[in-house]
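K.L.:
Supplied in structure tokens, the structure appears directly below.
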Amino acid sequence: MVTLPDAPWLGRPGLAELTRALGGDAGEARYVGGAVRDTLLGLDVSDIDIATVHAPETVIDRLEAARIKAIPTGIAHGTITAVSQGTVVEVTTLRRDLETDGRHATVAFTDDWREDAARRDFTMNALSSDPVTTEIHDYFDGLADLEAGRVRFIGDPFQRIAEDHLRILRFFRFHARFGDAVDEGGLAACVARANDLMALSRERIAAELLKLLVASGAVETLALMVDRGILRPVLPEIDAAAVDRLTRLAGAEGANGIAPDAIRRLAVLVPREAADDIGARLKLSNAQRKRLIAASGGPGDEGARALAYRVGVEQATDRLLIAGADVNALQGFTPPRLPLSGGALVARGLAKGPDVARALRGIETQWIAEGFPDEARVSALADAAVDQMLRASSSR
């Protein structure tokens with residue numbers, strides 16, 4: 001019998017009370033999905049999912065009887081969010097698909113664990129664990145696939161993709177994160193059905209792509225996707241040259257000890273002139289779109305800290321890494337504020353008006369060029385600037 005290894009998340013406050021309320025000691029509830037998969041791989045677990053034989057209304061009754069908060073977040077699809085002593089868990093009734101259209105599914109509830117597992121996408125995601133005995137239930141050889149680093153569809157890949165077209169991108173995202181050997185049957189189905197991606201909302205495409213881009217195998221996986229034409233129906237701008245740029249960026253991130261960032265990586269994949277259009281096409285947030293556009297702005301010629309002062313550390317880091325420039329100067333750097341105001345220049349005798357703004361810009365430029373010296377030096381720069389402008393004014 002294979003069991004779930006011990007892991008910190010299993011001891012979270014209120015979790016034992018929650019599983020007990022759902023009948024875990026009677027085989028009526030199990031841990032499912034990513035928490036089981038990631039624990040078997042020795043990875044940290046953030047989200048916890050529990051499946052149960054009980055109907056959603058019964059789940060709510062049981063939780064409330066145990067004084068556990070129950071939030072009907074997706075009750076039509078059988079999902080209740082439970083909050084037990086601060087621990088948040090998604091509880092879902094076992095389901096089977098009645099009808100699918102590639103984007104949405106109509107489901108019916110069931111008490112058959114295998115039937116529920118069969119509607120999941122990949123074998124490694126169909127594993128479940130008894131909360132009491134910790135026994136792993138594996139209906140589709142997910143343990144073997146997990147050990148082999150193989151992302152494999154449950155059953156017929158074409159059928160799985162027909163049920164939800166997003167599974168094409170999920171196949172590659174999970175391969176980028178967990179994959180070692182590519183499942184050729186799954187790959188062939190994704191290639192054949194790549195045009196199905198056009199039926200998906202761009203938000204769903206963006207969500208999967210951004211997760212894929214920060215996975216450990218992102219570069220190799222993107223190269224495979226481009227080579228097989230997976231993204232061509234929805235993001236034809238991402239080509240082999242884009243993958244080369246991503247390869248260089250990933251190398252720069254690694255060399256500088258900087259974690260991969262999805263928007264930064266997307267910025268090198270798309271042409272600079274198309275960044276705004278692609279950001280809109282993917283329905284990115286306004287902040288993400290602005291960063292996507294700004295990331296290719298170039299490193300400038302004033303130095304890393306000067307750039308960070310002008311555009312912020314995040315954007316400066318993006319630009320420098322994309323350009324292959326050194327970012328060491330930004331480690332622990334917080335851009336200072338110029339310790340001088342226009343009022344201080346007026347107090348030195350400069351008349352209010354455009355001369356004040358012009359003097360401030362000149363002082364700031366010199367202060368940046370000198371590496372942000374202290375207030376005494378700024379005061380000296382201000383005295384010199386005001387003196388120069390007053391002499392120039394008197395000579396006119």
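A note on labels: chains of the structure tokens are A, B, ... as shown, every chain counts residues from 1, and ligands are counted from 1 in their shown order.
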For Leu284 (chain A), list every protein, DNA or RNA residue within 12 Å, evaluated using only C-alpha atoms, and leave out those in the same chain fewer than 2 positions away; present the list as a PyMOL selection string.

P.N.:
chain A and resi 202-207+209-210+262-263+266+275-282+286-293

K.L.:
Just want the 12 Å neighbourhood of His175 (chain A), counted on only C-alpha atoms, with same-chain residues fewer than 6 positions away dropped. Output as JSON, numbers by chain.

P.N.:
{"A": [122, 124, 145, 146, 148, 149, 150, 151, 152, 153, 167, 168, 169, 181, 182, 183, 186, 187, 211, 212, 213, 215, 216, 217, 218, 219, 220, 221, 222, 224, 225]}

K.L.:
May I have the residues within 12 Å of Thr19 (chain A) as a PDB file with N, CA and C atoms, in the first residue's frame, using only C-alpha atoms and disregarding those fewer than 4 positions away in the same chain?

P.N.:
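To be explicit, this is the file written out as out.pdb:
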```
ATOM      1  N   LEU A  10      -0.624  18.835   6.511  1.00  0.00           N
ATOM      2  CA  LEU A  10      -1.532  17.879   7.133  1.00  0.00           C
ATOM      3  C   LEU A  10      -1.831  18.232   8.591  1.00  0.00           C
ATOM      4  N   ARG A  12      -2.335  21.402   9.633  1.00  0.00           N
ATOM      5  CA  ARG A  12      -2.926  22.737   9.744  1.00  0.00           C
ATOM      6  C   ARG A  12      -4.115  22.737  10.703  1.00  0.00           C
ATOM      7  N   PRO A  13      -4.289  23.839  11.433  1.00  0.00           N
ATOM      8  CA  PRO A  13      -5.375  23.910  12.417  1.00  0.00           C
ATOM      9  C   PRO A  13      -6.737  23.671  11.771  1.00  0.00           C
ATOM     10  N   GLY A  14      -7.542  22.866  12.419  1.00  0.00           N
ATOM     11  CA  GLY A  14      -8.909  22.657  11.972  1.00  0.00           C
ATOM     12  C   GLY A  14      -9.086  21.642  10.866  1.00  0.00           C
ATOM     13  N   LEU A  15      -7.976  21.143  10.272  1.00  0.00           N
ATOM     14  CA  LEU A  15      -8.117  20.224   9.142  1.00  0.00           C
ATOM     15  C   LEU A  15      -8.667  18.876   9.585  1.00  0.00           C
ATOM     16  N   GLY A  23     -16.956  12.956   7.273  1.00  0.00           N
ATOM     17  CA  GLY A  23     -16.980  11.503   7.262  1.00  0.00           C
ATOM     18  C   GLY A  23     -15.711  10.868   6.757  1.00  0.00           C
ATOM     19  N   GLY A  24     -14.591  11.554   6.945  1.00  0.00           N
ATOM     20  CA  GLY A  24     -13.325  10.989   6.485  1.00  0.00           C
ATOM     21  C   GLY A  24     -12.974   9.685   7.154  1.00  0.00           C
ATOM     22  N   ASP A  25     -13.405   9.510   8.410  1.00  0.00           N
ATOM     23  CA  ASP A  25     -13.109   8.267   9.113  1.00  0.00           C
ATOM     24  C   ASP A  25     -13.961   7.105   8.621  1.00  0.00           C
ATOM     25  N   ALA A  26     -14.953   7.405   7.767  1.00  0.00           N
ATOM     26  CA  ALA A  26     -15.806   6.357   7.186  1.00  0.00           C
ATOM     27  C   ALA A  26     -15.590   6.226   5.685  1.00  0.00           C
ATOM     28  N   GLY A  27     -14.512   6.806   5.183  1.00  0.00           N
ATOM     29  CA  GLY A  27     -14.212   6.716   3.757  1.00  0.00           C
ATOM     30  C   GLY A  27     -15.076   7.621   2.891  1.00  0.00           C
ATOM     31  N   GLU A  28     -15.696   8.627   3.497  1.00  0.00           N
ATOM     32  CA  GLU A  28     -16.609   9.498   2.752  1.00  0.00           C
ATOM     33  C   GLU A  28     -15.964  10.786   2.277  1.00  0.00           C
ATOM     34  N   ALA A  29     -14.693  10.992   2.558  1.00  0.00           N
ATOM     35  CA  ALA A  29     -13.974  12.196   2.117  1.00  0.00           C
ATOM     36  C   ALA A  29     -12.500  11.849   1.928  1.00  0.00           C
ATOM     37  N   ARG A  30     -11.886  12.447   0.920  1.00  0.00           N
ATOM     38  CA  ARG A  30     -10.467  12.221   0.650  1.00  0.00           C
ATOM     39  C   ARG A  30      -9.802  13.527   0.210  1.00  0.00           C
ATOM     40  N   TYR A  31      -8.497  13.595   0.464  1.00  0.00           N
ATOM     41  CA  TYR A  31      -7.699  14.664  -0.141  1.00  0.00           C
ATOM     42  C   TYR A  31      -7.512  14.310  -1.621  1.00  0.00           C
ATOM     43  N   ILE A  48      -5.566  23.262  -0.508  1.00  0.00           N
ATOM     44  CA  ILE A  48      -6.022  21.934  -0.131  1.00  0.00           C
ATOM     45  C   ILE A  48      -7.419  21.713  -0.716  1.00  0.00           C
ATOM     46  N   ASP A  49      -7.598  20.577  -1.370  1.00  0.00           N
ATOM     47  CA  ASP A  49      -8.894  20.205  -1.926  1.00  0.00           C
ATOM     48  C   ASP A  49      -9.332  18.870  -1.341  1.00  0.00           C
ATOM     49  N   ILE A  50     -10.603  18.800  -1.003  1.00  0.00           N
ATOM     50  CA  ILE A  50     -11.188  17.567  -0.495  1.00  0.00           C
ATOM     51  C   ILE A  50     -12.377  17.202  -1.376  1.00  0.00           C
ATOM     52  N   ALA A  51     -12.491  15.941  -1.723  1.00  0.00           N
ATOM     53  CA  ALA A  51     -13.670  15.442  -2.424  1.00  0.00           C
ATOM     54  C   ALA A  51     -14.482  14.603  -1.445  1.00  0.00           C
ATOM     55  N   THR A  52     -15.787  14.589  -1.645  1.00  0.00           N
ATOM     56  CA  THR A  52     -16.655  13.863  -0.729  1.00  0.00           C
ATOM     57  C   THR A  52     -17.840  13.253  -1.473  1.00  0.00           C
ATOM     58  N   VAL A  59     -23.096  18.681   2.712  1.00  0.00           N
ATOM     59  CA  VAL A  59     -21.795  19.204   3.135  1.00  0.00           C
ATOM     60  C   VAL A  59     -21.998  20.435   4.015  1.00  0.00           C
ATOM     61  N   ARG A  62     -23.392  19.443   7.422  1.00  0.00           N
ATOM     62  CA  ARG A  62     -22.380  18.796   8.261  1.00  0.00           C
ATOM     63  C   ARG A  62     -21.365  19.807   8.798  1.00  0.00           C
ATOM     64  N   LEU A  63     -20.950  20.728   7.947  1.00  0.00           N
ATOM     65  CA  LEU A  63     -19.978  21.725   8.384  1.00  0.00           C
ATOM     66  C   LEU A  63     -20.575  22.647   9.439  1.00  0.00           C
ATOM     67  N   ALA A  66     -20.766  21.135  12.751  1.00  0.00           N
ATOM     68  CA  ALA A  66     -19.456  21.083  13.408  1.00  0.00           C
ATOM     69  C   ALA A  66     -18.903  22.480  13.687  1.00  0.00           C
ATOM     70  N   ILE A  68     -18.181  24.811  11.565  1.00  0.00           N
ATOM     71  CA  ILE A  68     -17.177  25.174  10.561  1.00  0.00           C
ATOM     72  C   ILE A  68     -17.864  26.042   9.518  1.00  0.00           C
ATOM     73  N   ALA A  82     -14.754  25.706   2.734  1.00  0.00           N
ATOM     74  CA  ALA A  82     -14.837  25.516   4.178  1.00  0.00           C
ATOM     75  C   ALA A  82     -13.689  26.247   4.860  1.00  0.00           C
ATOM     76  N   VAL A  83     -14.001  26.915   5.974  1.00  0.00           N
ATOM     77  CA  VAL A  83     -12.981  27.619   6.747  1.00  0.00           C
ATOM     78  C   VAL A  83     -13.023  27.073   8.163  1.00  0.00           C
ATOM     79  N   SER A  84     -11.976  26.330   8.512  1.00  0.00           N
ATOM     80  CA  SER A  84     -11.918  25.669   9.816  1.00  0.00           C
ATOM     81  C   SER A  84     -10.689  26.149  10.574  1.00  0.00           C
ATOM     82  N   THR A  87      -8.060  27.624   8.469  1.00  0.00           N
ATOM     83  CA  THR A  87      -7.623  26.822   7.327  1.00  0.00           C
ATOM     84  C   THR A  87      -8.731  26.795   6.275  1.00  0.00           C
ATOM     85  N   VAL A  89     -10.311  25.351   2.802  1.00  0.00           N
ATOM     86  CA  VAL A  89     -10.294  24.128   1.995  1.00  0.00           C
ATOM     87  C   VAL A  89     -11.463  24.170   1.018  1.00  0.00           C
ATOM     88  N   GLU A  90     -11.202  23.778  -0.230  1.00  0.00           N
ATOM     89  CA  GLU A  90     -12.276  23.625  -1.206  1.00  0.00           C
ATOM     90  C   GLU A  90     -12.824  22.202  -1.119  1.00  0.00           C
ATOM     91  N   VAL A  91     -14.101  22.091  -0.830  1.00  0.00           N
ATOM     92  CA  VAL A  91     -14.750  20.790  -0.696  1.00  0.00           C
ATOM     93  C   VAL A  91     -15.697  20.608  -1.878  1.00  0.00           C
ATOM     94  N   SER A 129      -6.185  10.613  -1.493  1.00  0.00           N
ATOM     95  CA  SER A 129      -5.608  10.033  -0.285  1.00  0.00           C
ATOM     96  C   SER A 129      -6.626  10.022   0.843  1.00  0.00           C
ATOM     97  N   ASP A 130      -6.727   8.903   1.506  1.00  0.00           N
ATOM     98  CA  ASP A 130      -7.604   8.776   2.671  1.00  0.00           C
ATOM     99  C   ASP A 130      -7.030   9.634   3.799  1.00  0.00           C
ATOM    100  N   PRO A 131      -7.833  10.497   4.424  1.00  0.00           N
ATOM    101  CA  PRO A 131      -7.309  11.397   5.462  1.00  0.00           C
ATOM    102  C   PRO A 131      -6.946  10.679   6.762  1.00  0.00           C
ATOM    103  N   VAL A 132      -7.427   9.463   6.943  1.00  0.00           N
ATOM    104  CA  VAL A 132      -7.125   8.727   8.176  1.00  0.00           C
ATOM    105  C   VAL A 132      -5.968   7.764   7.967  1.00  0.00           C
TER     106      VAL A 132
END
```

K.L.:
Would you mind telling me which residue in A:Leu307, A:Val386, A:Ala252, A:Ile60 lies nearest to Ala21 (chain A) when using only C-alpha atoms?

P.N.:
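Closest residue, counting only C-alpha atoms: A:Ile60.
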
K.L.:
Which residues come within 10 Å of Asn328 (chain A), counting only C-alpha atoms, excluding same-chain residues fewer than 4 positions away, as JSON, numbers by chain?

P.N.:
{"A": [256, 257, 304, 305, 317, 332, 333]}

K.L.:
Please write the residues from the selection above to a file, keeping N, CA and C atoms, as a short mmCIF file (atom, residue, chain, number, x, y, z; two decimals), in the first residue's frame.

P.N.:
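Listing of part.cif after writing:
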```
data_model
loop_
_atom_site.label_atom_id
_atom_site.label_comp_id
_atom_site.auth_asym_id
_atom_site.auth_seq_id
_atom_site.Cartn_x
_atom_site.Cartn_y
_atom_site.Cartn_z
N ASN A 256 21.90 36.01 -12.29
CA ASN A 256 21.77 37.07 -11.29
C ASN A 256 20.98 36.64 -10.06
N GLY A 257 20.58 35.36 -10.03
CA GLY A 257 19.84 34.87 -8.87
C GLY A 257 18.47 35.50 -8.72
N ALA A 304 22.36 51.46 -13.77
CA ALA A 304 21.23 50.70 -13.23
C ALA A 304 20.46 51.48 -12.18
N ARG A 305 21.15 52.10 -11.24
CA ARG A 305 20.44 52.81 -10.16
C ARG A 305 19.73 54.06 -10.67
N THR A 317 14.70 46.44 -13.45
CA THR A 317 15.17 45.05 -13.46
C THR A 317 14.75 44.36 -14.75
N GLY A 332 18.95 45.12 -3.15
CA GLY A 332 18.73 45.86 -1.91
C GLY A 332 18.62 47.36 -2.08
N PHE A 333 18.53 47.83 -3.32
CA PHE A 333 18.50 49.27 -3.56
C PHE A 333 17.07 49.80 -3.52
#
```

K.L.:
Quick one: everything within 7 Å of Leu269 (chain A), counting only C-alpha atoms, minus sequence neighbours fewer than 5 positions away in the same chain. Send it as a list in words.

P.N.:
Ile238, Ala242, Val243, Arg245 and Leu246 of chain A
